[in-house]
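Asks: Coordinates in target-v9.pdb, PDB, C-alpha atoms, are listed below.
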```pdb
ATOM      1  CA  MET A   1     109.004 130.098  81.365
ATOM      2  CA  ARG A   2     107.794 127.981  78.442
ATOM      3  CA  SER A   3     111.232 126.437  78.155
ATOM      4  CA  LEU A   4     111.150 125.467  81.820
ATOM      5  CA  ILE A   5     107.705 123.870  81.528
ATOM      6  CA  PHE A   6     108.797 122.040  78.369
ATOM      7  CA  ALA A   7     111.975 120.773  80.074
ATOM      8  CA  VAL A   8     110.090 119.571  83.142
ATOM      9  CA  THR A   9     107.543 117.822  80.915
ATOM     10  CA  LEU A  10     110.316 116.022  79.039
ATOM     11  CA  VAL A  11     111.967 114.905  82.280
ATOM     12  CA  VAL A  12     108.674 113.594  83.684
ATOM     13  CA  MET A  13     107.868 111.787  80.451
ATOM     14  CA  GLY A  14     111.347 110.316  80.322
ATOM     15  CA  CYS A  15     111.093 109.012  83.877
ATOM     16  CA  SER A  16     107.788 107.255  83.431
ATOM     17  CA  SER A  17     107.919 103.507  83.064
ATOM     18  CA  VAL A  18     106.404 101.521  80.261
ATOM     19  CA  ALA A  19     103.580  99.174  81.236
ATOM     20  CA  HIS A  20     103.193  95.928  79.359
ATOM     21  CA  ALA A  21      99.870  94.142  79.082
ATOM     22  CA  GLN A  22      99.710  90.746  80.711
ATOM     23  CA  ILE A  23      97.128  88.018  80.701
ATOM     24  CA  GLY A  24      95.935  87.559  84.258
ATOM     25  CA  TYR A  25      94.479  84.441  85.784
ATOM     26  CA  GLY A  26      92.591  86.473  88.401
ATOM     27  CA  TYR A  27      89.857  87.766  86.082
ATOM     28  CA  GLY A  28      86.477  87.670  87.748
ATOM     29  CA  LEU A  29      88.061  86.891  91.082
ATOM     30  CA  GLY A  30      85.480  86.344  93.785
ATOM     31  CA  LEU A  31      82.645  86.133  91.329
ATOM     32  CA  SER A  32      83.437  83.075  89.263
ATOM     33  CA  ASP A  33      86.319  81.215  90.924
ATOM     34  CA  THR A  34      85.527  78.220  93.051
ATOM     35  CA  CYS A  35      87.733  77.266  95.975
ATOM     36  CA  GLY A  36      89.097  74.399  93.914
ATOM     37  CA  GLU A  37      90.131  76.777  91.135
ATOM     38  CA  ALA A  38      91.677  79.129  93.667
ATOM     39  CA  MET A  39      93.705  76.358  95.278
ATOM     40  CA  GLN A  40      94.834  75.077  91.848
ATOM     41  CA  ASN A  41      95.945  78.590  90.892
ATOM     42  CA  ILE A  42      97.883  78.856  94.137
ATOM     43  CA  GLU A  43      99.549  75.487  93.474
ATOM     44  CA  ARG A  44     100.451  76.490  89.902
ATOM     45  CA  HIS A  45     101.503  80.092  90.529
ATOM     46  CA  GLY A  46     102.667  80.022  94.150
ATOM     47  CA  ARG A  47     102.826  83.077  96.389
ATOM     48  CA  GLU A  48     101.810  85.411  93.561
ATOM     49  CA  ALA A  49      98.407  83.741  93.236
ATOM     50  CA  GLU A  50      97.999  83.369  96.991
ATOM     51  CA  TYR A  51      98.686  87.081  97.372
ATOM     52  CA  LEU A  52      96.060  87.897  94.746
ATOM     53  CA  TYR A  53      93.339  85.888  96.486
ATOM     54  CA  ILE A  54      94.229  87.059  99.984
ATOM     55  CA  GLN A  55      94.315  90.690  98.882
ATOM     56  CA  TRP A  56      90.809  90.211  97.476
ATOM     57  CA  VAL A  57      89.664  88.942 100.880
ATOM     58  CA  PHE A  58      91.362  91.885 102.628
ATOM     59  CA  GLY A  59      89.674  94.296 100.231
ATOM     60  CA  PHE A  60      86.326  92.651 100.881
ATOM     61  CA  LEU A  61      86.843  92.942 104.654
ATOM     62  CA  SER A  62      87.926  96.573 104.352
ATOM     63  CA  GLY A  63      84.890  97.400 102.241
ATOM     64  CA  TYR A  64      82.619  95.647 104.727
ATOM     65  CA  ASN A  65      84.220  97.504 107.638
ATOM     66  CA  ALA A  66      83.861 100.869 105.912
ATOM     67  CA  ALA A  67      80.269 100.302 104.805
ATOM     68  CA  THR A  68      79.174  99.021 108.204
ATOM     69  CA  ALA A  69      80.878 101.881 110.058
ATOM     70  CA  ASP A  70      79.179 104.362 107.748
ATOM     71  CA  LEU A  71      75.734 102.809 108.193
ATOM     72  CA  THR A  72      75.893 102.226 111.948
ATOM     73  CA  LYS A  73      78.147 105.159 112.881
ATOM     74  CA  LYS A  74      80.085 102.692 115.079
ATOM     75  CA  ASP A  75      83.491 101.048 114.954
ATOM     76  CA  SER A  76      83.007  97.855 112.985
ATOM     77  CA  MET A  77      86.535  96.601 112.352
ATOM     78  CA  VAL A  78      85.828  92.870 112.238
ATOM     79  CA  SER A  79      89.405  92.127 111.210
ATOM     80  CA  ALA A  80      91.152  94.385 113.757
ATOM     81  CA  GLY A  81      93.976  92.592 115.538
ATOM     82  CA  VAL A  82      93.809  89.557 113.254
ATOM     83  CA  SER A  83      97.048  88.786 111.428
ATOM     84  CA  ALA A  84      97.283  88.315 107.692
ATOM     85  CA  ASP A  85      98.590  84.799 108.354
ATOM     86  CA  THR A  86      95.446  83.958 110.334
ATOM     87  CA  ILE A  87      93.162  85.198 107.569
ATOM     88  CA  THR A  88      95.228  83.300 104.988
ATOM     89  CA  ALA A  89      94.940  80.108 107.044
ATOM     90  CA  MET A  90      91.173  80.628 107.418
ATOM     91  CA  PHE A  91      90.846  81.028 103.649
ATOM     92  CA  LYS A  92      92.879  77.919 102.846
ATOM     93  CA  ASN A  93      91.112  75.780 105.457
ATOM     94  CA  LYS A  94      87.651  76.786 104.247
ATOM     95  CA  CYS A  95      88.588  76.195 100.611
ATOM     96  CA  ARG A  96      90.065  72.770 101.376
ATOM     97  CA  GLN A  97      86.790  71.770 103.048
ATOM     98  CA  ASP A  98      84.671  72.427  99.957
ATOM     99  CA  ALA A  99      86.354  72.767  96.556
ATOM    100  CA  LEU A 100      83.068  73.646  94.835
ATOM    101  CA  LYS A 101      82.273  76.565  97.133
ATOM    102  CA  ASN A 102      82.414  80.001  95.523
ATOM    103  CA  PHE A 103      85.467  81.999  96.543
ATOM    104  CA  GLY A 104      83.347  85.058  97.381
ATOM    105  CA  THR A 105      81.193  82.958  99.696
ATOM    106  CA  VAL A 106      84.323  81.970 101.615
ATOM    107  CA  ALA A 107      85.171  85.656 102.088
ATOM    108  CA  VAL A 108      81.699  86.217 103.576
ATOM    109  CA  GLU A 109      82.160  83.203 105.881
ATOM    110  CA  ILE A 110      85.520  84.567 107.049
ATOM    111  CA  ARG A 111      83.881  87.928 107.773
ATOM    112  CA  LYS A 112      81.121  86.267 109.810
ATOM    113  CA  GLU A 113      83.629  84.212 111.788
ATOM    114  CA  LEU A 114      85.759  87.282 112.520
ATOM    115  CA  GLU A 115      82.648  89.181 113.575
ATOM    116  CA  LYS A 116      81.863  86.470 116.155
ATOM    117  CA  ARG A 117      85.409  86.785 117.557
ATOM    118  CA  LYS A 118      85.166  90.557 117.913
ATOM    119  CA  PRO A 119      85.266  91.620 121.581
TER     120      PRO A 119
END
```
Here is a file; write its structure as structure tokens.
Replies:
Amino acid sequence: MRSLIFAVTLVVMGCSSVAHAQIGYGYGLGLSDTCGEAMQNIERHGREAEYLYIQWVFGFLSGYNAATADLTKKDSMVSAGVSADTITAMFKNKCRQDALKNFGTVAVEIRKELEKRKP
């Protein structure tokens, strides 16, 4: 039995991948980045940076939906039925309007706009 456990442990350890540390440009995302910085990062790093920012917005919306549903005991999916492309376009448009605006503030504005659209 010990031999079997040891063999399985070796196989699992051998199959695990090695993670390498990387310097990320998304540190403090939502707290310190302005829209101008976000747009510059997207220009420099392309889809990878865009994905990082948009995923932050999606996470913010999901957290808002979950917290609101828990507090009100009602369905509060402000982003239900809205495509990722629409939310991405909303983010880019709002950031292009005011480069000095905080990125997190834009996420709140998107949430408020989606809430108004909710049937």
Asks: I'd like the neighbourhood of Tyr64 (chain A) as a PyMOL selection string, where a residue qualifies if any of its atoms comes within 9 Å (using only C-alpha atoms), though same-chain residues fewer than 2 positions away should be ignored.
Replies: chain A and resi 59-62+66-69+76-78+111
Asks: Just write the chosen residues, C-alpha atoms, as a CSV table (one decimal), in the frame of the given file.
Replies:
```
chain,number,residue,atom,x,y,z
A,59,GLY,CA,89.7,94.3,100.2
A,60,PHE,CA,86.3,92.7,100.9
A,61,LEU,CA,86.8,92.9,104.7
A,62,SER,CA,87.9,96.6,104.4
A,66,ALA,CA,83.9,100.9,105.9
A,67,ALA,CA,80.3,100.3,104.8
A,68,THR,CA,79.2,99.0,108.2
A,69,ALA,CA,80.9,101.9,110.1
A,76,SER,CA,83.0,97.9,113.0
A,77,MET,CA,86.5,96.6,112.4
A,78,VAL,CA,85.8,92.9,112.2
A,111,ARG,CA,83.9,87.9,107.8
```
Asks: Give me the box for region 42-51 of chain A as AutoDock Vina command-line options, namely the centre and edge lengths in Å to one decimal of a box along x, y and z that holds every listed atom plus 4 Å on each side.
Replies:
```
--center_x 100.4 --center_y 81.3 --center_z 93.6 --size_x 12.9 --size_y 19.6 --size_z 15.5
```
Asks: Using the chain letters and residue numbers of this document, give as a PDB file with C-alpha atoms, keeping the file's coordinate frame the residues selected by the PyMOL selection byres ((chain A and resi 99) around 8).
Replies:
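selection-v8.pdb, freshly written:
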```pdb
ATOM      1  CA  THR A  34      85.527  78.220  93.051  1.00  0.00           C
ATOM      2  CA  CYS A  35      87.733  77.266  95.975  1.00  0.00           C
ATOM      3  CA  GLY A  36      89.097  74.399  93.914  1.00  0.00           C
ATOM      4  CA  GLU A  37      90.131  76.777  91.135  1.00  0.00           C
ATOM      5  CA  CYS A  95      88.588  76.195 100.611  1.00  0.00           C
ATOM      6  CA  ARG A  96      90.065  72.770 101.376  1.00  0.00           C
ATOM      7  CA  GLN A  97      86.790  71.770 103.048  1.00  0.00           C
ATOM      8  CA  ASP A  98      84.671  72.427  99.957  1.00  0.00           C
ATOM      9  CA  LEU A 100      83.068  73.646  94.835  1.00  0.00           C
ATOM     10  CA  LYS A 101      82.273  76.565  97.133  1.00  0.00           C
TER      11      LYS A 101
END
```
Asks: Apply the PyMOL selection byres ((chain A and resi 79-83) around 10) to the structure shown and report the selected residues as a count of residues only.
Replies: 20
Asks: Report, in Å to a single decimal, how far apart CA of Gly63 (chain A) and CA of Thr105 (chain A) are.
Replies: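 CA of Thr105 (chain A) sits 15.1 Å away from CA of Gly63 (chain A).
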Asks: Could you tell me which residues the PyMOL selection byres ((chain A and resi 56) around 10) returns for this structure, as a PyMOL selection string?
Replies: chain A and resi 26+29-30+50-55+57-62+103-104+107
Asks: Figure out the distance between CA of Lys116 (chain A) and CA of Lys92 (chain A), please, to one decimal in Å.
Replies: 19.3 Å
Asks: Work out how far CA of Arg44 (chain A) is from CA of Lys112 (chain A), in Å to one decimal.
Replies: 29.4 Å
